[in-house]
file query.cif (mmCIF, C-alpha atoms and all ligand atoms)
data_structure
loop_
_atom_site.group_PDB
_atom_site.id
_atom_site.type_symbol
_atom_site.label_atom_id
_atom_site.label_comp_id
_atom_site.auth_asym_id
_atom_site.auth_seq_id
_atom_site.Cartn_x
_atom_site.Cartn_y
_atom_site.Cartn_z
ATOM 1 C CA MET S 1 -57.923 -36.319 16.095
ATOM 2 C CA MET S 2 -60.517 -38.190 14.145
ATOM 3 C CA GLU S 3 -63.362 -36.265 12.612
ATOM 4 C CA PRO S 4 -66.636 -37.092 14.358
ATOM 5 C CA LYS S 5 -68.693 -39.546 12.367
ATOM 6 C CA VAL S 6 -71.784 -38.245 10.639
ATOM 7 C CA PRO S 7 -74.781 -39.724 12.460
ATOM 8 C CA THR S 8 -77.251 -41.836 10.527
ATOM 9 C CA ARG S 9 -81.012 -41.538 10.790
ATOM 10 C CA GLU S 10 -81.095 -44.922 12.533
ATOM 11 C CA GLU S 11 -78.713 -43.658 15.218
ATOM 12 C CA ALA S 12 -80.753 -40.492 15.645
ATOM 13 C CA LEU S 13 -83.954 -42.500 15.920
ATOM 14 C CA GLU S 14 -82.417 -44.816 18.482
ATOM 15 C CA LEU S 15 -81.425 -41.839 20.645
ATOM 16 C CA LEU S 16 -84.841 -40.253 20.231
ATOM 17 C CA HIS S 17 -86.568 -43.420 21.391
ATOM 18 C CA LYS S 18 -84.147 -43.875 24.262
ATOM 19 C CA TYR S 19 -84.746 -40.386 25.637
ATOM 20 C CA ASN S 20 -88.362 -39.811 24.587
ATOM 21 C CA GLU S 21 -90.972 -42.299 25.680
ATOM 22 C CA SER S 22 -93.851 -39.890 25.231
ATOM 23 C CA ASP S 23 -95.853 -40.446 22.097
ATOM 24 C CA SER S 24 -96.529 -36.743 21.632
ATOM 25 C CA LEU S 25 -92.846 -35.805 21.867
ATOM 26 C CA ARG S 26 -91.935 -38.491 19.353
ATOM 27 C CA LYS S 27 -94.633 -37.256 17.007
ATOM 28 C CA HIS S 28 -93.388 -33.699 17.401
ATOM 29 C CA ALA S 29 -89.899 -34.920 16.439
ATOM 30 C CA TYR S 30 -91.260 -36.678 13.327
ATOM 31 C CA ALA S 31 -93.245 -33.598 12.358
ATOM 32 C CA VAL S 32 -90.220 -31.318 12.625
ATOM 33 C CA GLU S 33 -88.125 -33.880 10.741
ATOM 34 C CA GLY S 34 -90.710 -34.031 7.964
ATOM 35 C CA VAL S 35 -90.761 -30.272 7.537
ATOM 36 C CA MET S 36 -86.959 -30.002 7.676
ATOM 37 C CA ARG S 37 -86.678 -32.656 4.958
ATOM 38 C CA TYR S 38 -89.278 -30.993 2.780
ATOM 39 C CA ILE S 39 -87.639 -27.560 2.996
ATOM 40 C CA ALA S 40 -84.107 -28.983 2.582
ATOM 41 C CA ARG S 41 -85.202 -30.657 -0.652
ATOM 42 C CA LYS S 42 -86.838 -27.473 -1.862
ATOM 43 C CA ARG S 43 -83.666 -25.500 -1.149
ATOM 44 C CA HIS S 44 -81.337 -28.160 -2.590
ATOM 45 C CA GLN S 45 -79.714 -28.788 0.791
ATOM 46 C CA ASP S 46 -78.623 -31.972 2.583
ATOM 47 C CA GLU S 47 -81.973 -33.564 3.329
ATOM 48 C CA ASP S 48 -80.641 -36.207 5.705
ATOM 49 C CA LYS S 49 -78.684 -33.736 7.779
ATOM 50 C CA TRP S 50 -81.662 -31.384 8.071
ATOM 51 C CA GLY S 51 -83.991 -34.256 8.914
ATOM 52 C CA ILE S 52 -81.728 -35.763 11.561
ATOM 53 C CA ILE S 53 -81.309 -32.427 13.313
ATOM 54 C CA GLY S 54 -85.075 -31.970 13.256
ATOM 55 C CA LEU S 55 -85.505 -35.408 14.771
ATOM 56 C CA ILE S 56 -83.283 -34.798 17.796
ATOM 57 C CA HIS S 57 -83.762 -31.056 18.421
ATOM 58 C CA ASP S 58 -85.833 -31.672 21.584
ATOM 59 C CA LEU S 59 -83.939 -34.791 22.643
ATOM 60 C CA ASP S 60 -83.571 -33.804 26.307
ATOM 61 C CA TYR S 61 -86.993 -32.281 26.827
ATOM 62 C CA GLU S 62 -88.762 -35.252 28.379
ATOM 63 C CA LYS S 63 -86.101 -36.170 30.917
ATOM 64 C CA PHE S 64 -84.525 -32.768 31.563
ATOM 65 C CA PRO S 65 -87.142 -30.066 30.913
ATOM 66 C CA ASP S 66 -85.320 -27.643 33.207
ATOM 67 C CA GLN S 67 -82.058 -28.133 31.348
ATOM 68 C CA HIS S 68 -83.532 -28.104 27.856
ATOM 69 C CA CYS S 69 -80.848 -27.597 25.160
ATOM 70 C CA ALA S 70 -77.952 -27.897 27.625
ATOM 71 C CA LYS S 71 -78.602 -31.608 28.134
ATOM 72 C CA THR S 72 -79.054 -32.233 24.423
ATOM 73 C CA LYS S 73 -75.597 -30.745 23.905
ATOM 74 C CA GLU S 74 -74.185 -33.011 26.604
ATOM 75 C CA ILE S 75 -75.859 -36.180 25.332
ATOM 76 C CA LEU S 76 -74.871 -35.590 21.712
ATOM 77 C CA GLU S 77 -71.294 -34.802 22.709
ATOM 78 C CA GLU S 78 -71.137 -38.055 24.676
ATOM 79 C CA HIS S 79 -72.221 -39.840 21.521
ATOM 80 C CA GLY S 80 -69.541 -38.117 19.470
ATOM 81 C CA TRP S 81 -71.886 -36.097 17.287
ATOM 82 C CA PRO S 82 -70.333 -33.371 15.123
ATOM 83 C CA GLN S 83 -70.459 -29.846 16.595
ATOM 84 C CA GLU S 84 -72.303 -28.656 13.520
ATOM 85 C CA TYR S 85 -75.274 -30.882 14.406
ATOM 86 C CA ILE S 86 -75.171 -29.951 18.092
ATOM 87 C CA ARG S 87 -75.031 -26.247 17.412
ATOM 88 C CA ALA S 88 -77.938 -26.444 14.993
ATOM 89 C CA ALA S 89 -80.077 -28.468 17.412
ATOM 90 C CA ILE S 90 -79.668 -26.101 20.338
ATOM 91 C CA SER S 91 -80.044 -22.948 18.264
ATOM 92 C CA HIS S 92 -83.797 -23.663 18.119
ATOM 93 C CA GLY S 93 -83.915 -22.548 21.746
ATOM 94 C CA TRP S 94 -82.187 -19.253 21.137
ATOM 95 C CA GLY S 95 -83.217 -16.693 23.744
ATOM 96 C CA ILE S 96 -85.151 -19.344 25.680
ATOM 97 C CA CYS S 97 -82.838 -22.172 26.654
ATOM 98 C CA SER S 98 -79.689 -21.402 24.689
ATOM 99 C CA ASP S 99 -77.708 -18.346 23.667
ATOM 100 C CA VAL S 100 -76.816 -19.875 20.313
ATOM 101 C CA GLU S 101 -78.310 -17.660 17.654
ATOM 102 C CA PRO S 102 -79.508 -19.317 14.440
ATOM 103 C CA GLN S 103 -76.998 -18.382 11.753
ATOM 104 C CA ILE S 104 -77.086 -20.742 8.822
ATOM 105 C CA GLU S 105 -80.122 -21.493 6.678
ATOM 106 C CA LEU S 106 -80.783 -24.853 8.379
ATOM 107 C CA GLU S 107 -80.814 -23.250 11.825
ATOM 108 C CA LYS S 108 -83.122 -20.437 10.797
ATOM 109 C CA VAL S 109 -85.582 -22.858 9.228
ATOM 110 C CA LEU S 110 -85.607 -25.035 12.361
ATOM 111 C CA TYR S 111 -86.171 -21.978 14.530
ATOM 112 C CA ALA S 112 -89.030 -20.778 12.327
ATOM 113 C CA ILE S 113 -90.949 -24.039 11.934
ATOM 114 C CA ASP S 114 -90.619 -25.682 15.373
ATOM 115 C CA GLU S 115 -93.544 -23.853 16.978
ATOM 116 C CA LEU S 116 -95.448 -23.638 13.710
ATOM 117 C CA THR S 117 -95.778 -27.436 13.551
ATOM 118 C CA GLY S 118 -97.766 -27.195 16.793
ATOM 119 C CA LEU S 119 -100.212 -24.761 15.256
ATOM 120 C CA VAL S 120 -100.689 -27.038 12.235
ATOM 121 C CA VAL S 121 -101.304 -30.042 14.517
ATOM 122 C CA THR S 122 -103.997 -28.189 16.445
ATOM 123 C CA THR S 123 -105.566 -26.914 13.228
ATOM 124 C CA ALA S 124 -105.733 -30.486 11.908
ATOM 125 C CA LEU S 125 -107.232 -31.802 15.143
ATOM 126 C CA VAL S 126 -110.205 -29.432 15.082
ATOM 127 C CA ARG S 127 -111.159 -30.590 11.594
ATOM 128 C CA PRO S 128 -113.818 -33.300 11.377
ATOM 129 C CA SER S 129 -111.347 -35.510 9.497
ATOM 130 C CA LYS S 130 -108.575 -34.941 12.082
ATOM 131 C CA SER S 131 -106.265 -35.070 9.093
ATOM 132 C CA VAL S 132 -103.329 -32.864 8.172
ATOM 133 C CA LEU S 133 -103.966 -33.904 4.572
ATOM 134 C CA ASP S 134 -106.777 -31.397 4.207
ATOM 135 C CA VAL S 135 -105.356 -28.538 6.242
ATOM 136 C CA GLN S 136 -105.204 -25.370 4.159
ATOM 137 C CA MET S 137 -102.771 -22.508 4.581
ATOM 138 C CA LYS S 138 -105.710 -20.128 4.997
ATOM 139 C CA SER S 139 -107.176 -22.003 7.946
ATOM 140 C CA VAL S 140 -103.803 -21.981 9.723
ATOM 141 C CA LYS S 141 -103.643 -18.227 9.122
ATOM 142 C CA ASN S 142 -107.089 -17.780 10.613
ATOM 143 C CA LYS S 143 -106.087 -19.780 13.665
ATOM 144 C CA TRP S 144 -102.919 -17.725 13.887
ATOM 145 C CA LYS S 145 -104.948 -14.606 14.564
ATOM 146 C CA ASP S 146 -106.981 -16.273 17.293
ATOM 147 C CA LYS S 147 -104.513 -16.019 20.156
ATOM 148 C CA ARG S 148 -106.588 -18.282 22.374
ATOM 149 C CA PHE S 149 -106.325 -21.074 19.824
ATOM 150 C CA ALA S 150 -103.252 -23.203 20.576
ATOM 151 C CA ALA S 151 -102.266 -20.527 23.074
ATOM 152 C CA GLY S 152 -99.019 -22.358 23.874
ATOM 153 C CA VAL S 153 -97.717 -21.688 20.381
ATOM 154 C CA ASP S 154 -95.499 -18.631 20.551
ATOM 155 C CA ARG S 155 -96.354 -16.701 17.388
ATOM 156 C CA SER S 156 -93.584 -14.168 17.971
ATOM 157 C CA ILE S 157 -90.883 -16.847 17.605
ATOM 158 C CA ILE S 158 -92.344 -17.974 14.285
ATOM 159 C CA GLU S 159 -92.437 -14.371 13.091
ATOM 160 C CA LYS S 160 -88.854 -13.813 14.186
ATOM 161 C CA GLY S 161 -87.802 -16.967 12.335
ATOM 162 C CA ALA S 162 -89.604 -15.970 9.147
ATOM 163 C CA ALA S 163 -87.971 -12.537 9.279
ATOM 164 C CA MET S 164 -84.522 -14.098 9.763
ATOM 165 C CA LEU S 165 -85.113 -16.265 6.715
ATOM 166 C CA GLY S 166 -86.634 -13.496 4.666
ATOM 167 C CA VAL S 167 -89.586 -15.758 3.904
ATOM 168 C CA GLY S 168 -93.213 -14.652 4.001
ATOM 169 C CA MET S 169 -95.641 -16.238 6.455
ATOM 170 C CA ASP S 170 -97.780 -17.712 3.669
ATOM 171 C CA GLU S 171 -94.843 -19.609 2.208
ATOM 172 C CA LEU S 172 -93.607 -20.749 5.614
ATOM 173 C CA ILE S 173 -97.042 -22.064 6.589
ATOM 174 C CA GLU S 174 -97.493 -23.727 3.181
ATOM 175 C CA ASP S 175 -94.112 -25.502 3.441
ATOM 176 C CA THR S 176 -94.788 -26.598 7.009
ATOM 177 C CA ILE S 177 -98.131 -28.119 6.035
ATOM 178 C CA LYS S 178 -96.598 -29.914 3.039
ATOM 179 C CA GLY S 179 -93.707 -31.285 5.085
ATOM 180 C CA MET S 180 -96.114 -32.583 7.710
ATOM 181 C CA GLN S 181 -98.376 -34.105 5.068
ATOM 182 C CA GLU S 182 -95.456 -36.246 3.932
ATOM 183 C CA VAL S 183 -95.278 -37.793 7.406
ATOM 184 C CA ALA S 184 -99.022 -37.713 8.134
ATOM 185 C CA GLU S 185 -99.104 -41.348 9.151
ATOM 186 C CA ALA S 186 -96.109 -41.152 11.506
ATOM 187 C CA ILE S 187 -97.521 -38.116 13.279
ATOM 188 C CA GLY S 188 -100.957 -39.693 13.645
ATOM 189 C CA LEU S 189 -102.693 -37.131 11.458
ATOM 190 C CA LYS S 190 -103.694 -39.128 8.455
ATOM 191 C CA GLY S 191 -107.303 -39.105 9.587
ATOM 192 C CA ASN S 192 -109.765 -41.368 7.853
ATOM 193 C CA PRO S 193 -110.043 -40.079 4.307
ATOM 194 C CA ALA S 194 -113.126 -41.358 2.541
HETATM 195 FE FE FE S 201 -87.348 -27.150 22.236
HETATM 196 FE FE FE S 202 -89.558 -28.581 19.279
#
call {"tool": "encode", "arguments": {"input": "query.cif", "output": "structure tokens", "more": "lines below"}}
Ligand SMILES: [Fe+2]
Ligand SMILES: [Fe+2]
result
Amino acid sequence: MMEPKVPTREEALELLHKYNESDSLRKHAYAVEGVMRYIARKRHQDEDKWGIIGLIHDLDYEKFPDQHCAKTKEILEEHGWPQEYIRAAISHGWGICSDVEPQIELEKVLYAIDELTGLVVTTALVRPSKSVLDVQMKSVKNKWKDKRFAAGVDRSIIEKGAAMLGVGMDELIEDTIKGMQEVAEAIGLKGNPA
């Protein structure tokens, strides 16, 4: 049997656009990709692999919200994606929509930062500049404590992810902000810097 071909970013992007028409879901995918790339680089890991998995982790969510994770597995298998990529993508939904527990570094990082990107987005949007470029770690931490702020962001998942990784919250938040700053334009959070 032939080894499955390693997907390129272009192929991942094509799938993302095919299955996600919503602007906010696409932006979420770019945000998670940006953070995965940033942290992969920092940890001397395969940046493209980490980024691609970030890009497609919620692939099925728009069209199959009730079968989240399961459909992503199905779609990626149909496209001949390697199991390693599929496993990593669906492990972000561990305990929610999949029973695949994050095991390797890449999976734990994805699990930890997925929800956190949402908190950073909301923190950026309440700033006058509406820019992620001037979001500080401290302001995200303050918003963290206010449970009514971005109430949909499940803080307990982020905490579980950080614990799995053995990384402190400050570092995780800092890395997430930096990764998102690198893709500020793509995620619509560049604001209008003076
Ligand atoms: Fe998800
Ligand atoms: Fe997500």
call {"tool": "resolve_selection", "arguments": {"input": "query.cif", "expression": "the PyMOL selection byres (((not hetatm)) within 9 of (chain S and resi 202))", "output": "PyMOL selection string"}}
result
chain S and resi 25+28-29+32+54+56-58+61+92-93+110-111+113-115+117-118
call {"tool": "closest_residue", "arguments": {"input": "query.cif", "among": "S:Asn192, S:Asn142, S:Thr72, S:Thr123", "to": "ligand FE 201 (chain S)", "atoms": "only C-alpha atoms and all ligand atoms"}}
result
S:Thr72
call {"tool": "closest_residue", "arguments": {"input": "query.cif", "among": "S:Val6, S:Leu116, S:Asp146, S:Asp170", "to": "S:Glu84", "atoms": "all atoms listed in the file"}}
result
S:Val6
call {"tool": "residues_around", "arguments": {"input": "query.cif", "residues": "S:Val109", "least_positions_apart": "6", "cutoff": "8 Å", "atoms": "only C-alpha atoms", "output": "JSON, numbers by chain"}}
result
{"S": [36, 161, 162, 165]}
call {"tool": "atom_distance", "arguments": {"input": "query.cif", "atom1": "atom CA of S:Gln136", "atom2": "atom CA of S:Asp23"}}
result
25.2 Å
call {"tool": "resolve_selection", "arguments": {"input": "query.cif", "expression": "the PyMOL selection byres (((chain S and resi 153) around 12) and not hetatm)", "output": "list in words"}}
result
Ala112, Ile113, Asp114, Glu115, Leu116, Thr117, Gly118, Leu119, Val120, Val121, Thr122, Thr123, Lys143, Trp144, Lys145, Asp146, Lys147, Arg148, Phe149, Ala150, Ala151, Gly152, Asp154, Arg155, Ser156, Ile157, Ile158 and Glu159 of chain S
call {"tool": "closest_residue", "arguments": {"input": "query.cif", "among": "S:Leu16, S:Ile52, S:Ile90, S:Ile173", "to": "S:Gly34", "atoms": "only C-alpha atoms"}}
result
S:Ile52
call {"tool": "resolve_selection", "arguments": {"input": "query.cif", "expression": "the PyMOL selection byres (((chain S and resi 190) around 12) and not hetatm)", "output": "PyMOL selection string"}}
result
chain S and resi 121+124-125+127+129-135+180-189+191-194
call {"tool": "closest_residue", "arguments": {"input": "query.cif", "among": "S:Glu21, S:Glu78, S:Glu33, S:Asp60", "to": "ligand FE 201 (chain S)", "atoms": "only C-alpha atoms and all ligand atoms"}}
result
S:Asp60
call {"tool": "axis_aligned_box", "arguments": {"input": "query.cif", "around": "stretch 52-66 of chain S", "padding_each_side": "4 Å", "output": "lines of an AutoDock Vina configuration file"}}
result
center_x = -85.0
center_y = -31.9
center_z = 22.4
size_x = 15.5
size_y = 16.5
size_z = 29.6
call {"tool": "atom_distance", "arguments": {"input": "query.cif", "atom1": "atom CA of S:Tyr38", "atom2": "atom CA of S:Lys108"}}
result
14.6 Å
call {"tool": "closest_residue", "arguments": {"input": "query.cif", "among": "S:Leu172, S:Ala40, S:Trp81, S:Leu55", "to": "ligand FE 201 (chain S)", "atoms": "all atoms listed in the file"}}
result
S:Leu55
call {"tool": "atom_distance", "arguments": {"input": "query.cif", "atom1": "atom CA of S:Cys69", "atom2": "atom CA of S:Pro102"}}
result
13.6 Å
call {"tool": "residues_around", "arguments": {"input": "query.cif", "residues": "S:Arg87", "least_positions_apart": "2", "cutoff": "9 Å", "atoms": "all atoms listed in the file", "output": "PyMOL selection string"}}
result
chain S and resi 73+82-85+89-91+100+102+107
call {"tool": "write_last_selection", "arguments": {"input": "query.cif", "atoms": "C-alpha atoms", "output": "tab-separated table (two decimals), in the coordinates of the input"}}
result
chain	number	residue	atom	x	y	z
S	73	LYS	CA	-75.60	-30.74	23.90
S	82	PRO	CA	-70.33	-33.37	15.12
S	83	GLN	CA	-70.46	-29.85	16.60
S	84	GLU	CA	-72.30	-28.66	13.52
S	85	TYR	CA	-75.27	-30.88	14.41
S	89	ALA	CA	-80.08	-28.47	17.41
S	90	ILE	CA	-79.67	-26.10	20.34
S	91	SER	CA	-80.04	-22.95	18.26
S	100	VAL	CA	-76.82	-19.88	20.31
S	102	PRO	CA	-79.51	-19.32	14.44
S	107	GLU	CA	-80.81	-23.25	11.82
call {"tool": "closest_residue", "arguments": {"input": "query.cif", "among": "S:Thr8, S:Gln45, S:Thr176, S:Asn20", "to": "S:Met137", "atoms": "only C-alpha atoms"}}
result
S:Thr176
